file entry.txt (compact mmCIF, C-alpha atoms)
# COMPACT_ATOMS: atom_id res chain seq x y z
CA MET A 923 17.90 -46.97 -17.11
CA VAL A 924 18.51 -43.68 -15.29
CA VAL A 925 16.57 -40.59 -16.34
CA ILE A 926 18.05 -37.26 -15.35
CA LYS A 927 15.80 -34.23 -15.52
CA ASN A 928 16.81 -30.63 -14.92
CA ILE A 929 14.28 -29.23 -12.47
CA THR A 930 15.96 -25.84 -12.02
CA ALA A 931 13.25 -24.11 -14.05
CA LEU A 932 10.48 -25.87 -12.10
CA LYS A 933 12.03 -24.84 -8.79
CA LYS A 934 12.22 -21.25 -9.99
CA ILE A 935 8.54 -21.32 -10.95
CA GLU A 936 7.60 -22.74 -7.53
CA GLN A 937 9.67 -20.06 -5.82
CA LEU A 938 7.97 -17.32 -7.85
CA LYS A 939 4.57 -18.78 -6.97
CA SER A 940 5.46 -18.73 -3.28
CA GLN A 941 6.67 -15.14 -3.51
CA PHE A 942 3.54 -14.19 -5.43
CA VAL A 943 1.26 -15.68 -2.76
CA SER A 944 3.14 -13.72 -0.08
CA MET A 945 2.82 -10.53 -2.09
CA VAL A 946 -0.91 -11.03 -2.69
CA SER A 947 -1.51 -11.77 1.00
CA HIS A 948 0.33 -8.59 1.92
CA GLU A 949 -1.66 -6.51 -0.60
CA LEU A 950 -5.05 -7.88 0.46
CA LYS A 951 -4.49 -7.69 4.20
CA ALA A 952 -4.38 -3.90 4.49
CA PRO A 953 -7.84 -3.09 3.03
CA VAL A 954 -9.48 -6.05 4.77
CA ALA A 955 -8.01 -5.01 8.14
CA ALA A 956 -9.14 -1.42 7.59
CA VAL A 957 -12.76 -2.41 6.84
CA TYR A 958 -12.72 -4.79 9.81
CA GLY A 959 -11.57 -1.94 12.05
CA PHE A 960 -14.27 0.43 10.77
CA LEU A 961 -17.03 -2.16 11.29
CA ASN A 962 -15.78 -2.92 14.81
CA LEU A 963 -16.05 0.76 15.67
CA ILE A 964 -19.59 0.92 14.32
CA THR A 965 -20.82 -2.24 16.08
CA ASP A 966 -19.07 -1.62 19.42
CA GLU A 967 -21.83 -0.58 21.81
CA LYS A 968 -19.27 0.94 24.19
CA ILE A 969 -18.33 3.51 21.56
CA LYS A 970 -21.04 6.12 21.15
CA LEU A 971 -20.74 7.24 17.55
CA THR A 972 -22.84 9.97 16.03
CA SER A 973 -24.83 9.27 12.89
CA GLU A 974 -22.32 11.36 10.92
CA GLN A 975 -19.40 9.33 12.27
CA GLN A 976 -21.10 6.06 11.37
CA GLN A 977 -21.77 7.27 7.84
CA ASP A 978 -18.15 8.40 7.56
CA TYR A 979 -16.81 4.99 8.61
CA LEU A 980 -19.22 3.22 6.25
CA HIS A 981 -18.09 5.48 3.43
CA ARG A 982 -14.44 4.72 4.18
CA SER A 983 -15.22 1.01 4.27
CA GLN A 984 -16.85 1.29 0.88
CA LEU A 985 -13.78 3.03 -0.52
CA ARG A 986 -11.50 0.29 0.82
CA LEU A 987 -13.74 -2.42 -0.62
CA ASP A 988 -13.76 -0.62 -3.98
CA SER A 989 -9.98 -0.63 -3.88
CA LEU A 990 -9.97 -4.31 -2.92
CA LEU A 991 -12.30 -5.20 -5.80
CA LYS A 992 -10.05 -3.40 -8.28
CA MET A 993 -7.06 -5.29 -6.90
CA VAL A 994 -8.81 -8.64 -7.27
CA ASN A 995 -9.79 -7.80 -10.85
CA GLU A 996 -6.18 -6.92 -11.62
CA LEU A 997 -4.99 -10.22 -10.17
CA LEU A 998 -7.49 -12.05 -12.36
CA ASP A 999 -6.06 -10.19 -15.36
CA ILE A 1000 -2.44 -11.01 -14.53
CA SER A 1001 -1.98 -13.09 -17.69
CA ARG A 1002 -3.15 -10.14 -19.75
CA MET A 1003 -0.72 -7.90 -17.88
CA GLU A 1004 2.19 -10.19 -18.68
CA THR A 1005 1.38 -9.94 -22.39
CA LYS A 1006 1.46 -6.14 -22.05
CA ASN A 1007 -2.16 -5.73 -23.07
CA VAL A 1008 -3.09 -3.65 -20.04
CA LYS A 1009 -4.91 -0.45 -20.89
CA ARG A 1010 -4.03 2.41 -18.60
CA GLU A 1011 -6.00 5.63 -18.37
CA ILE A 1012 -3.36 8.35 -18.35
CA LYS A 1013 -4.65 11.69 -17.12
CA GLN A 1014 -3.76 14.60 -14.83
CA VAL A 1015 -3.50 13.34 -11.26
CA CYS A 1016 -3.12 15.59 -8.22
CA VAL A 1017 -0.62 13.73 -6.06
CA GLU A 1018 -1.40 15.72 -2.93
CA GLU A 1019 -5.10 14.78 -3.19
CA VAL A 1020 -4.18 11.12 -3.69
CA VAL A 1021 -1.98 11.11 -0.59
CA LYS A 1022 -4.63 12.87 1.52
CA SER A 1023 -7.24 10.36 0.34
CA VAL A 1024 -4.99 7.43 1.26
CA LEU A 1025 -4.24 8.92 4.68
CA GLU A 1026 -7.98 9.21 5.36
CA LEU A 1027 -8.38 5.50 4.67
CA PHE A 1028 -5.73 4.70 7.30
CA GLN A 1029 -7.05 7.19 9.86
CA VAL A 1030 -8.22 4.49 12.27
CA GLU A 1031 -4.82 2.76 12.30
CA ILE A 1032 -3.04 6.10 12.63
CA SER A 1033 -5.17 7.09 15.61
CA LYS A 1034 -4.81 3.70 17.33
CA LYS A 1035 -1.01 3.89 17.24
CA GLY A 1036 -0.92 7.61 18.05
CA ILE A 1037 1.13 8.34 14.93
CA SER A 1038 1.59 11.95 13.85
CA VAL A 1039 1.55 12.50 10.09
CA SER A 1040 2.95 15.55 8.28
CA LEU A 1041 2.46 16.21 4.57
CA ASN A 1042 4.61 18.81 2.80
CA CYS A 1043 3.75 19.33 -0.85
CA GLY A 1044 5.28 22.07 -2.98
CA SER A 1045 2.89 24.10 -5.11
CA ASP A 1046 4.82 23.15 -8.25
CA ALA A 1047 4.33 19.42 -7.56
CA ALA A 1048 0.55 19.54 -7.80
CA CYS A 1049 -0.20 17.31 -10.80
CA ILE A 1050 1.39 14.66 -12.96
CA LYS A 1051 0.20 12.56 -15.89
CA ALA A 1052 -0.42 9.02 -14.67
CA ASP A 1053 -2.97 6.25 -14.14
CA TYR A 1054 -4.95 7.26 -11.06
CA ASP A 1055 -5.54 3.73 -9.74
CA GLU A 1056 -1.87 2.74 -10.06
CA ILE A 1057 -0.65 5.91 -8.32
CA THR A 1058 -3.20 5.39 -5.55
CA ARG A 1059 -2.07 1.78 -5.08
CA LEU A 1060 1.55 2.90 -5.02
CA PHE A 1061 0.99 5.41 -2.20
CA THR A 1062 -1.31 2.98 -0.38
CA ASN A 1063 1.53 0.46 -0.22
CA PHE A 1064 4.10 3.00 0.98
CA ILE A 1065 1.84 4.60 3.58
CA SER A 1066 0.53 1.22 4.76
CA ASN A 1067 4.09 0.07 5.49
CA ALA A 1068 5.00 3.37 7.16
CA ILE A 1069 2.09 2.88 9.56
CA LYS A 1070 2.18 -0.89 10.00
CA TYR A 1071 5.89 -1.07 10.82
CA ASN A 1072 5.96 2.13 12.84
CA LYS A 1073 6.24 2.34 16.61
CA GLU A 1074 3.58 3.57 19.03
CA ASN A 1075 3.36 7.39 19.04
CA GLY A 1076 5.75 7.49 16.11
CA SER A 1077 5.72 9.86 13.16
CA VAL A 1078 5.47 9.84 9.37
CA LEU A 1079 6.78 12.68 7.22
CA ILE A 1080 5.69 12.79 3.57
CA THR A 1081 7.42 15.31 1.31
CA ILE A 1082 6.48 15.82 -2.34
CA SER A 1083 8.55 18.12 -4.52
CA LYS A 1084 9.49 18.62 -8.15
CA SER A 1085 12.95 18.68 -9.71
CA GLU A 1086 12.96 19.55 -13.40
CA ASP A 1087 10.82 16.84 -15.07
CA TYR A 1088 10.75 14.54 -12.04
CA LEU A 1089 8.38 14.25 -9.09
CA ILE A 1090 10.28 13.42 -5.90
CA THR A 1091 8.44 11.69 -3.07
CA GLU A 1092 10.05 11.06 0.32
CA ILE A 1093 8.36 9.09 3.08
CA LYS A 1094 10.22 9.00 6.38
CA ASP A 1095 8.96 7.20 9.47
CA THR A 1096 10.18 6.18 12.91
CA GLY A 1097 9.48 2.50 12.39
CA ILE A 1098 11.60 -0.51 11.51
CA GLY A 1099 13.84 -0.50 8.48
CA LEU A 1100 15.10 -2.94 5.90
CA LYS A 1101 18.01 -5.23 6.66
CA PRO A 1102 21.03 -4.94 4.30
CA GLU A 1103 20.15 -8.25 2.62
CA GLU A 1104 16.55 -7.09 2.12
CA LYS A 1105 17.62 -3.82 0.50
CA LYS A 1106 19.26 -5.84 -2.27
CA LYS A 1107 15.87 -7.42 -3.02
CA LEU A 1108 13.91 -4.17 -2.84
CA PHE A 1109 13.21 -4.02 -6.57
CA SER A 1110 12.86 -7.77 -7.03
CA GLU A 1111 9.58 -9.16 -8.29
CA PHE A 1112 7.11 -10.12 -5.53
CA PHE A 1113 9.50 -9.10 -2.72
CA VAL A 1114 7.74 -8.74 0.64
CA GLN A 1115 9.40 -7.28 3.73
CA ARG A 1116 9.52 -9.77 6.61
CA THR A 1117 11.71 -7.97 9.13
CA SER A 1118 10.31 -7.26 12.57
CA SER A 1119 13.27 -5.76 14.42
CA PRO A 1120 13.21 -2.06 15.29
CA ASN A 1121 15.26 0.36 13.26
CA GLN A 1122 18.12 1.78 15.29
call {"tool": "encode", "arguments": {"input": "entry.txt", "output": "structure tokens"}}
result
Amino acid sequence: MVVIKNITALKKIEQLKSQFVSMVSHELKAPVAAVYGFLNLITDEKIKLTSEQQQDYLHRSQLRLDSLLKMVNELLDISRMETKNVKREIKQVCVEEVVKSVLELFQVEISKKGISVSLNCGSDAACIKADYDEITRLFTNFISNAIKYNKENGSVLITISKSEDYLITEIKDTGIGLKPEEKKKLFSEFFVQRTSSPNQ
């Protein structure tokens, strides 16, 4: 007797799991690397930090760990998210303040690579109604990539403007770009950029 079983669905589930693991690894790596960098600066005896600088780096580490804890909690609640039972706190969020806060968290990485960052925010694009944590995570991902995949002494230009009822955010950098085949997957679930070639 021959039993034939369609495993297409199982393969798809395994593929999604693999993509999910890659996505989670990517999301967790940035805050962990940032805290590691801050602690290295504090414990390096060759670097003479003032008490104020040490407190600043410890404070930044705490912020990154807070962000990491929230992310872990959200991953634990993924089944609840899929059933659309997530409760979001919608309130007025100042986008410029969010971006500045995220840039502060990446200050060590920015300084190490000698990257210049410019932020242009129109006065009419000050606030939007959104969930603060989700907007912060969104800009953290964008800015993290703009720094991570940038070249030494490169640049990042962030422009925030408003057009009618829409908030327009542009992030341009001098780093690597997406390959044509990767652009097609840009809005796919769990897609993680893997390219390492410089953008021409």
call {"tool": "atom_distance", "arguments": {"input": "entry.txt", "atom1": "atom CA of A:Ile964", "atom2": "atom CA of A:Leu1027"}}
result
15.5 Å
call {"tool": "atom_distance", "arguments": {"input": "entry.txt", "atom1": "atom CA of A:Ala1048", "atom2": "atom CA of A:Val1078"}}
result
20.3 Å
call {"tool": "residues_around", "arguments": {"input": "entry.txt", "residues": "A:Ile1065", "least_positions_apart": "6", "cutoff": "12 Å", "atoms": "only C-alpha atoms", "output": "PyMOL selection string"}}
result
chain A and resi 952+1020-1029+1031-1032+1037+1039-1041+1058-1059+1071-1072+1077-1080+1091-1095+1097
call {"tool": "write_last_selection", "arguments": {"input": "entry.txt", "atoms": "C-alpha atoms", "output": "mmCIF file, in the coordinates of the input"}}
result
data_model
loop_
_atom_site.group_PDB
_atom_site.id
_atom_site.type_symbol
_atom_site.label_atom_id
_atom_site.label_comp_id
_atom_site.auth_asym_id
_atom_site.auth_seq_id
_atom_site.Cartn_x
_atom_site.Cartn_y
_atom_site.Cartn_z
ATOM 1 C CA ALA A 952 -4.380 -3.900 4.490
ATOM 2 C CA VAL A 1020 -4.180 11.120 -3.690
ATOM 3 C CA VAL A 1021 -1.980 11.110 -0.590
ATOM 4 C CA LYS A 1022 -4.630 12.870 1.520
ATOM 5 C CA SER A 1023 -7.240 10.360 0.340
ATOM 6 C CA VAL A 1024 -4.990 7.430 1.260
ATOM 7 C CA LEU A 1025 -4.240 8.920 4.680
ATOM 8 C CA GLU A 1026 -7.980 9.210 5.360
ATOM 9 C CA LEU A 1027 -8.380 5.500 4.670
ATOM 10 C CA PHE A 1028 -5.730 4.700 7.300
ATOM 11 C CA GLN A 1029 -7.050 7.190 9.860
ATOM 12 C CA GLU A 1031 -4.820 2.760 12.300
ATOM 13 C CA ILE A 1032 -3.040 6.100 12.630
ATOM 14 C CA ILE A 1037 1.130 8.340 14.930
ATOM 15 C CA VAL A 1039 1.550 12.500 10.090
ATOM 16 C CA SER A 1040 2.950 15.550 8.280
ATOM 17 C CA LEU A 1041 2.460 16.210 4.570
ATOM 18 C CA THR A 1058 -3.200 5.390 -5.550
ATOM 19 C CA ARG A 1059 -2.070 1.780 -5.080
ATOM 20 C CA TYR A 1071 5.890 -1.070 10.820
ATOM 21 C CA ASN A 1072 5.960 2.130 12.840
ATOM 22 C CA SER A 1077 5.720 9.860 13.160
ATOM 23 C CA VAL A 1078 5.470 9.840 9.370
ATOM 24 C CA LEU A 1079 6.780 12.680 7.220
ATOM 25 C CA ILE A 1080 5.690 12.790 3.570
ATOM 26 C CA THR A 1091 8.440 11.690 -3.070
ATOM 27 C CA GLU A 1092 10.050 11.060 0.320
ATOM 28 C CA ILE A 1093 8.360 9.090 3.080
ATOM 29 C CA LYS A 1094 10.220 9.000 6.380
ATOM 30 C CA ASP A 1095 8.960 7.200 9.470
ATOM 31 C CA GLY A 1097 9.480 2.500 12.390
#
call {"tool": "atom_distance", "arguments": {"input": "entry.txt", "atom1": "atom CA of A:Ser1066", "atom2": "atom CA of A:Leu991"}}
result
17.8 Å
call {"tool": "axis_aligned_box", "arguments": {"input": "entry.txt", "around": "stretch 1021-1033 of chain A", "padding_each_side": "3 Å", "output": "AutoDock Vina command-line options"}}
result
--center_x -5.2 --center_y 7.8 --center_z 7.5 --size_x 12.4 --size_y 16.1 --size_z 22.2
call {"tool": "closest_residue", "arguments": {"input": "entry.txt", "among": "A:Thr1062, A:Ser1045, A:Asn1067, A:Ser989", "to": "A:Thr1081", "atoms": "all atoms listed in the file"}}
result
A:Ser1045
call {"tool": "residues_around", "arguments": {"input": "entry.txt", "residues": "A:Arg1010", "least_positions_apart": "6", "cutoff": "10 Å", "atoms": "all atoms listed in the file", "output": "list in words"}}
result
Ala1052, Asp1053, Tyr1054, Asp1055 and Glu1056 of chain A
call {"tool": "residues_near_point", "arguments": {"input": "entry.txt", "point": "(-13.3, -1.3, 5.2)", "cutoff": "8 Å", "atoms": "only C-alpha atoms", "output": "CSV table (one decimal) with C-alpha atoms, in the frame of the given file"}}
result
chain,number,residue,atom,x,y,z
A,953,PRO,CA,-7.8,-3.1,3.0
A,954,VAL,CA,-9.5,-6.0,4.8
A,955,ALA,CA,-8.0,-5.0,8.1
A,956,ALA,CA,-9.1,-1.4,7.6
A,957,VAL,CA,-12.8,-2.4,6.8
A,958,TYR,CA,-12.7,-4.8,9.8
A,959,GLY,CA,-11.6,-1.9,12.0
A,960,PHE,CA,-14.3,0.4,10.8
A,961,LEU,CA,-17.0,-2.2,11.3
A,979,TYR,CA,-16.8,5.0,8.6
A,980,LEU,CA,-19.2,3.2,6.2
A,982,ARG,CA,-14.4,4.7,4.2
A,983,SER,CA,-15.2,1.0,4.3
A,984,GLN,CA,-16.8,1.3,0.9
A,985,LEU,CA,-13.8,3.0,-0.5
A,986,ARG,CA,-11.5,0.3,0.8
A,987,LEU,CA,-13.7,-2.4,-0.6
